[in-house]
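Trainee: Structure: upload.cif, mmCIF, C-alpha atoms and all ligand atoms.
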data_model
loop_
_atom_site.label_atom_id
_atom_site.label_comp_id
_atom_site.auth_asym_id
_atom_site.auth_seq_id
_atom_site.Cartn_x
_atom_site.Cartn_y
_atom_site.Cartn_z
CA MET A 222 -4.52 -24.88 -3.79
CA GLN A 223 -1.28 -24.83 -5.74
CA GLU A 224 -2.17 -21.70 -7.72
CA ARG A 225 -3.06 -19.83 -4.52
CA ILE A 226 0.40 -20.37 -3.01
CA GLN A 227 3.36 -19.34 -5.13
CA ILE A 228 7.12 -19.21 -4.59
CA ILE A 229 9.16 -16.52 -6.32
CA GLN A 230 12.67 -15.11 -5.99
CA GLY A 231 12.74 -11.33 -5.66
CA ASP A 232 12.80 -8.21 -3.56
CA ILE A 233 9.64 -7.93 -1.45
CA THR A 234 9.86 -4.10 -1.41
CA ARG A 235 9.14 -4.05 -5.15
CA GLN A 236 6.00 -6.19 -5.11
CA ASN A 237 2.76 -4.49 -6.10
CA VAL A 238 0.37 -6.45 -3.85
CA ASP A 239 -2.23 -5.58 -1.21
CA ALA A 240 0.12 -6.41 1.68
CA ILE A 241 3.74 -7.34 2.21
CA VAL A 242 4.88 -8.86 5.49
CA ASN A 243 7.85 -7.47 7.38
CA ALA A 244 10.07 -9.81 9.43
CA ALA A 245 10.37 -7.25 12.20
CA ASN A 246 11.58 -7.25 15.79
CA CYS A 247 9.45 -6.60 18.85
CA SER A 248 10.22 -2.89 18.96
CA LEU A 249 8.80 -2.40 15.43
CA LEU A 250 11.33 0.42 15.09
CA GLY A 251 13.26 -1.02 12.15
CA GLY A 252 16.45 -3.02 11.84
CA GLY A 253 18.55 -4.75 9.19
CA GLY A 254 17.63 -7.41 6.64
CA VAL A 255 14.19 -7.24 5.12
CA ASP A 256 13.05 -4.92 7.94
CA GLY A 257 15.66 -2.36 6.93
CA ALA A 258 14.86 -2.75 3.24
CA ILE A 259 11.14 -2.20 3.81
CA HIS A 260 11.70 0.90 5.95
CA ARG A 261 14.14 2.35 3.41
CA ALA A 262 11.71 1.81 0.54
CA ALA A 263 8.60 2.97 2.45
CA GLY A 264 10.20 6.16 3.72
CA PRO A 265 10.14 7.87 7.14
CA GLU A 266 6.35 7.90 7.51
CA LEU A 267 6.45 4.13 8.06
CA LEU A 268 8.64 4.51 11.15
CA ALA A 269 6.45 7.39 12.34
CA GLU A 270 3.37 5.13 12.18
CA CYS A 271 5.27 2.22 13.76
CA ARG A 272 6.14 4.45 16.73
CA THR A 273 2.42 4.76 17.47
CA LEU A 274 2.05 0.97 17.71
CA HIS A 275 4.20 0.53 20.85
CA GLY A 276 5.85 -2.70 19.72
CA CYS A 277 4.53 -6.17 19.01
CA GLU A 278 4.89 -9.56 20.70
CA THR A 279 6.71 -12.40 18.95
CA GLY A 280 4.20 -14.40 16.90
CA LYS A 281 1.67 -11.57 16.76
CA ALA A 282 1.28 -8.99 13.97
CA LYS A 283 0.38 -5.33 13.45
CA ILE A 284 -0.56 -3.52 10.24
CA THR A 285 0.47 -0.15 8.82
CA LYS A 286 0.11 1.66 5.53
CA GLY A 287 2.73 1.07 2.83
CA TYR A 288 3.56 4.73 2.10
CA ARG A 289 6.14 4.87 -0.73
CA LEU A 290 6.06 1.10 -1.26
CA PRO A 291 4.00 -0.25 -4.17
CA ALA A 292 2.18 -2.43 -1.60
CA LYS A 293 -0.86 -0.90 0.07
CA TYR A 294 -0.11 -2.27 3.54
CA VAL A 295 2.82 -3.61 5.56
CA ILE A 296 2.03 -6.31 8.12
CA HIS A 297 4.78 -6.42 10.74
CA THR A 298 5.46 -9.62 12.65
CA PRO A 299 8.38 -10.41 14.98
CA GLY A 300 9.46 -13.98 14.30
CA PRO A 301 11.03 -16.23 16.96
CA ILE A 302 14.78 -16.32 17.45
CA TRP A 303 15.95 -19.94 17.01
CA GLN A 304 17.34 -21.23 20.31
CA GLY A 305 17.62 -24.91 19.51
CA GLY A 306 13.93 -25.71 19.15
CA ARG A 307 12.95 -26.37 22.75
CA TYR A 308 11.40 -22.97 23.44
CA GLY A 309 8.24 -23.10 21.33
CA GLU A 310 9.94 -21.59 18.28
CA ARG A 311 7.98 -23.77 15.83
CA GLU A 312 4.61 -22.77 17.28
CA LEU A 313 5.62 -19.11 17.37
CA LEU A 314 6.69 -19.16 13.71
CA ALA A 315 3.37 -20.75 12.71
CA SER A 316 1.65 -18.06 14.76
CA CYS A 317 3.46 -15.34 12.77
CA TYR A 318 2.03 -16.65 9.48
CA ARG A 319 -1.45 -17.13 10.93
CA SER A 320 -1.52 -13.71 12.65
CA CYS A 321 -0.46 -11.96 9.45
CA LEU A 322 -3.11 -13.74 7.36
CA GLU A 323 -5.81 -12.93 9.94
CA LEU A 324 -4.87 -9.24 9.70
CA ALA A 325 -4.82 -9.45 5.91
CA SER A 326 -8.36 -10.90 5.91
CA ALA A 327 -9.55 -8.27 8.40
CA ASN A 328 -8.22 -5.50 6.14
CA GLY A 329 -9.57 -6.83 2.85
CA CYS A 330 -6.18 -7.84 1.45
CA LYS A 331 -6.52 -10.40 -1.36
CA THR A 332 -2.82 -10.72 -2.26
CA VAL A 333 -0.18 -11.14 0.44
CA ASP A 334 3.59 -11.55 0.04
CA PHE A 335 5.78 -13.02 2.79
CA PRO A 336 9.54 -13.03 3.24
CA SER A 337 11.18 -16.08 4.80
CA ILE A 338 10.48 -15.08 8.41
CA SER A 339 13.19 -15.79 11.03
CA THR A 340 15.61 -17.58 8.66
CA GLY A 341 18.10 -14.71 8.50
CA VAL A 342 19.41 -12.93 11.58
CA TYR A 343 17.11 -15.09 13.74
CA HIS A 344 18.81 -18.32 12.50
CA PHE A 345 15.69 -20.47 12.22
CA PRO A 346 16.67 -23.55 10.15
CA LEU A 347 15.39 -23.08 6.59
CA LYS A 348 14.02 -26.59 5.98
CA CYS A 349 11.92 -26.55 9.13
CA ALA A 350 10.84 -22.91 8.67
CA SER A 351 9.74 -23.51 5.08
CA GLN A 352 7.64 -26.55 6.05
CA ILE A 353 5.96 -24.62 8.88
CA ALA A 354 5.30 -21.62 6.62
CA ILE A 355 3.79 -23.57 3.72
CA ARG A 356 1.65 -25.83 5.93
CA THR A 357 0.36 -22.90 8.00
CA ILE A 358 -0.46 -20.82 4.92
CA ALA A 359 -2.19 -23.79 3.22
CA GLY A 360 -4.18 -24.52 6.35
CA TYR A 361 -5.36 -20.91 6.58
CA LEU A 362 -6.24 -20.59 2.88
CA ALA A 363 -8.36 -23.75 3.01
CA GLY A 364 -10.82 -21.91 5.24
CA HIS A 365 -10.41 -18.39 3.82
CA PRO A 366 -11.38 -17.97 0.16
CA GLU A 367 -11.22 -14.19 0.61
CA ILE A 368 -7.43 -14.36 0.25
CA GLU A 369 -6.76 -15.03 -3.43
CA ARG A 370 -2.98 -15.54 -3.42
CA VAL A 371 -0.06 -15.80 -1.03
CA ARG A 372 3.51 -15.70 -2.30
CA MET A 373 6.79 -16.47 -0.57
CA VAL A 374 9.21 -13.85 -1.92
CA CYS A 375 12.65 -15.41 -1.47
CA PHE A 376 15.71 -13.21 -1.64
CA ASP A 377 18.08 -15.93 -2.84
CA ALA A 378 17.92 -19.18 -4.83
CA ASP A 379 18.81 -21.38 -1.85
CA THR A 380 15.85 -20.06 0.17
CA GLU A 381 13.59 -20.39 -2.86
CA SER A 382 14.57 -24.06 -3.31
CA PHE A 383 13.53 -24.90 0.26
CA TYR A 384 10.10 -23.25 -0.14
CA ARG A 385 9.54 -24.90 -3.53
CA ARG A 386 10.34 -28.28 -1.98
CA ALA A 387 8.01 -27.63 0.96
CA LEU A 388 5.20 -26.75 -1.47
CA GLU A 389 5.90 -29.87 -3.57
CA GLU A 390 5.79 -32.00 -0.41
CA LEU A 391 2.45 -30.45 0.51
CA GLU A 392 1.05 -31.22 -2.94
CA ALA A 393 2.38 -34.77 -2.79
CA GLY A 394 0.67 -35.19 0.57
CA VAL A 395 4.01 -35.90 2.26
N1 LIG B 401 13.07 -9.05 0.04
C1 LIG B 401 12.78 -10.32 0.42
N2 LIG B 401 13.47 -11.00 1.35
C2 LIG B 401 14.53 -10.36 1.92
C3 LIG B 401 14.90 -9.03 1.57
C4 LIG B 401 14.12 -8.38 0.59
N3 LIG B 401 14.37 -7.12 0.20
N4 LIG B 401 15.99 -8.69 2.33
C5 LIG B 401 16.29 -9.76 3.09
N5 LIG B 401 15.43 -10.78 2.84
C6 LIG B 401 15.38 -12.12 3.39
C7 LIG B 401 16.65 -12.65 4.00
O1 LIG B 401 17.57 -13.05 2.98
C8 LIG B 401 16.08 -13.84 4.76
O2 LIG B 401 15.89 -14.93 3.88
O3 LIG B 401 14.46 -12.14 4.47
C9 LIG B 401 14.71 -13.33 5.22
C10 LIG B 401 14.61 -12.98 6.69
O4 LIG B 401 15.87 -12.49 7.14
P1 LIG B 401 15.98 -11.22 8.14
O5 LIG B 401 15.62 -10.00 7.40
O6 LIG B 401 17.33 -11.30 8.78
O7 LIG B 401 14.84 -11.47 9.23
P2 LIG B 401 14.80 -12.44 10.50
O8 LIG B 401 15.70 -13.62 10.36
O9 LIG B 401 13.35 -12.65 10.76
O10 LIG B 401 15.43 -11.53 11.66
C11 LIG B 401 14.69 -10.42 12.09
O11 LIG B 401 16.51 -8.93 11.80
O12 LIG B 401 16.49 -7.10 10.46
C12 LIG B 401 16.35 -7.51 11.74
O13 LIG B 401 14.84 -5.91 12.70
C13 LIG B 401 14.97 -7.25 12.27
O14 LIG B 401 15.59 -7.78 14.49
C14 LIG B 401 14.89 -8.26 13.36
C15 LIG B 401 15.62 -9.46 12.77
#
Represent the structure contained in this file as structure tokens.
Ligand code: APR
Mentor:
Amino acid sequence: MQERIQIIQGDITRQNVDAIVNAANCSLLGGGGVDGAIHRAAGPELLAECRTLHGCETGKAKITKGYRLPAKYVIHTPGPIWQGGRYGERELLASCYRSCLELASANGCKTVDFPSISTGVYHFPLKCASQIAIRTIAGYLAGHPEIERVRMVCFDADTESFYRRALEELEAGV
């Protein structure tokens, strides 16, 4: 399992994979953070296609082409905004990862890169988010050999350390 889940530090807009995931908002009309970076790199056709999707619910996902990105597809998912943890945020974050992987499978994507969903502007605590992400991805991959590799593409070393630790804990059966 280890080799099918990898943690790297980098810029997700530069990754040459079948699909990259966008930590979007429910409008799907762009924003800051990784959403802004992906739209800038993909070019205006991405927003034009997003306009045809009429938004997306938190925890769900929608797929578009990648346009000027090296990635073939962009899978957009609005993560939950952290509100203290009593509003189903954990389940919604897990649903983001699962929904994206289901769309990846349905579209023949074998390599999928994720950013750290909800841990920026949406303030989801990193330790908890990284554990949810890694466990949800591992759970999905166990039943879906069609997906060859999933990477967490972390923008900074601090984020990367949390995802590495979550993966180590998974391997150690913690
Ligand atoms: N590549 C990889 N990761 C990135 C990049 C990039 N180019 N740019 C930012 N990130 C990281 C951030 O450092 C953070 O760790 O993505 C993670 C998610 O942070 P945000 O982009 O703020 O996303 P999120 O917390 O899910 O908030 C979503 O922010 O940009 C708006 O439109 C977006 O309203 C939505 C909200």
Trainee: Of the residues A:Val295, A:Ala325, A:Ile358, A:Ile241, which is the one nearest to ligand LIG 401 (chain B), using only C-alpha atoms and all ligand atoms?
Mentor: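 Looking at the shortest contact to ligand LIG 401 (chain B), the residue is A:Ile241.
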Trainee: What does the list of residues within 6 Å of ligand LIG 401 (chain B) look like if you count only C-alpha atoms and all ligand atoms, written as a VMD selection string?
Mentor: chain A and resid 232 to 234 244 to 246 251 to 258 300 336 to 343 374 to 376
Trainee: Dump C-alpha atoms for the selected residues as a short mmCIF file (atom, residue, chain, number, x, y, z; two decimals), in the frame of the given file?
Mentor:
data_model
loop_
_atom_site.label_atom_id
_atom_site.label_comp_id
_atom_site.auth_asym_id
_atom_site.auth_seq_id
_atom_site.Cartn_x
_atom_site.Cartn_y
_atom_site.Cartn_z
CA ASP A 232 12.80 -8.21 -3.56
CA ILE A 233 9.64 -7.93 -1.45
CA THR A 234 9.86 -4.10 -1.41
CA ALA A 244 10.07 -9.81 9.43
CA ALA A 245 10.37 -7.25 12.20
CA ASN A 246 11.58 -7.25 15.79
CA GLY A 251 13.26 -1.02 12.15
CA GLY A 252 16.45 -3.02 11.84
CA GLY A 253 18.55 -4.75 9.19
CA GLY A 254 17.63 -7.41 6.64
CA VAL A 255 14.19 -7.24 5.12
CA ASP A 256 13.05 -4.92 7.94
CA GLY A 257 15.66 -2.36 6.93
CA ALA A 258 14.86 -2.75 3.24
CA GLY A 300 9.46 -13.98 14.30
CA PRO A 336 9.54 -13.03 3.24
CA SER A 337 11.18 -16.08 4.80
CA ILE A 338 10.48 -15.08 8.41
CA SER A 339 13.19 -15.79 11.03
CA THR A 340 15.61 -17.58 8.66
CA GLY A 341 18.10 -14.71 8.50
CA VAL A 342 19.41 -12.93 11.58
CA TYR A 343 17.11 -15.09 13.74
CA VAL A 374 9.21 -13.85 -1.92
CA CYS A 375 12.65 -15.41 -1.47
CA PHE A 376 15.71 -13.21 -1.64
#
Trainee: Restricting the calculation to all atoms listed in the file, which member of A:Asn243, A:His344, A:His365, A:Arg319 is positioned closest to His297 (chain A)?
Mentor: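 Distance minimum relative to His297 (chain A) lands on A:Asn243.
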Trainee: Please determine, counting only C-alpha atoms, which residue among A:Glu369, A:Cys247, A:Pro346, A:Ile259 has the shortest atom-to-atom distance to Ala292 (chain A).
Mentor: A:Ile259
Trainee: Determine, counting all atoms listed in the file, which protein, DNA and RNA residues have an atom within 8 Å of an atom of Asp334 (chain A); residues of the same chain fewer than 4 positions away are not included. Present the result as a ChimeraX atom specification.
Mentor: /A:233,236,238,240-242,371-374
Trainee: Just to be explicit: take each residue in the selection above, keep C-alpha atoms, and write the result as a PDB file, keeping the file's coordinate frame.
Mentor:
ATOM      1  CA  ILE A 233       9.640  -7.930  -1.450  1.00  0.00           C
ATOM      2  CA  GLN A 236       6.000  -6.190  -5.110  1.00  0.00           C
ATOM      3  CA  VAL A 238       0.370  -6.450  -3.850  1.00  0.00           C
ATOM      4  CA  ALA A 240       0.120  -6.410   1.680  1.00  0.00           C
ATOM      5  CA  ILE A 241       3.740  -7.340   2.210  1.00  0.00           C
ATOM      6  CA  VAL A 242       4.880  -8.860   5.490  1.00  0.00           C
ATOM      7  CA  VAL A 371      -0.060 -15.800  -1.030  1.00  0.00           C
ATOM      8  CA  ARG A 372       3.510 -15.700  -2.300  1.00  0.00           C
ATOM      9  CA  MET A 373       6.790 -16.470  -0.570  1.00  0.00           C
ATOM     10  CA  VAL A 374       9.210 -13.850  -1.920  1.00  0.00           C
TER      11      VAL A 374
END
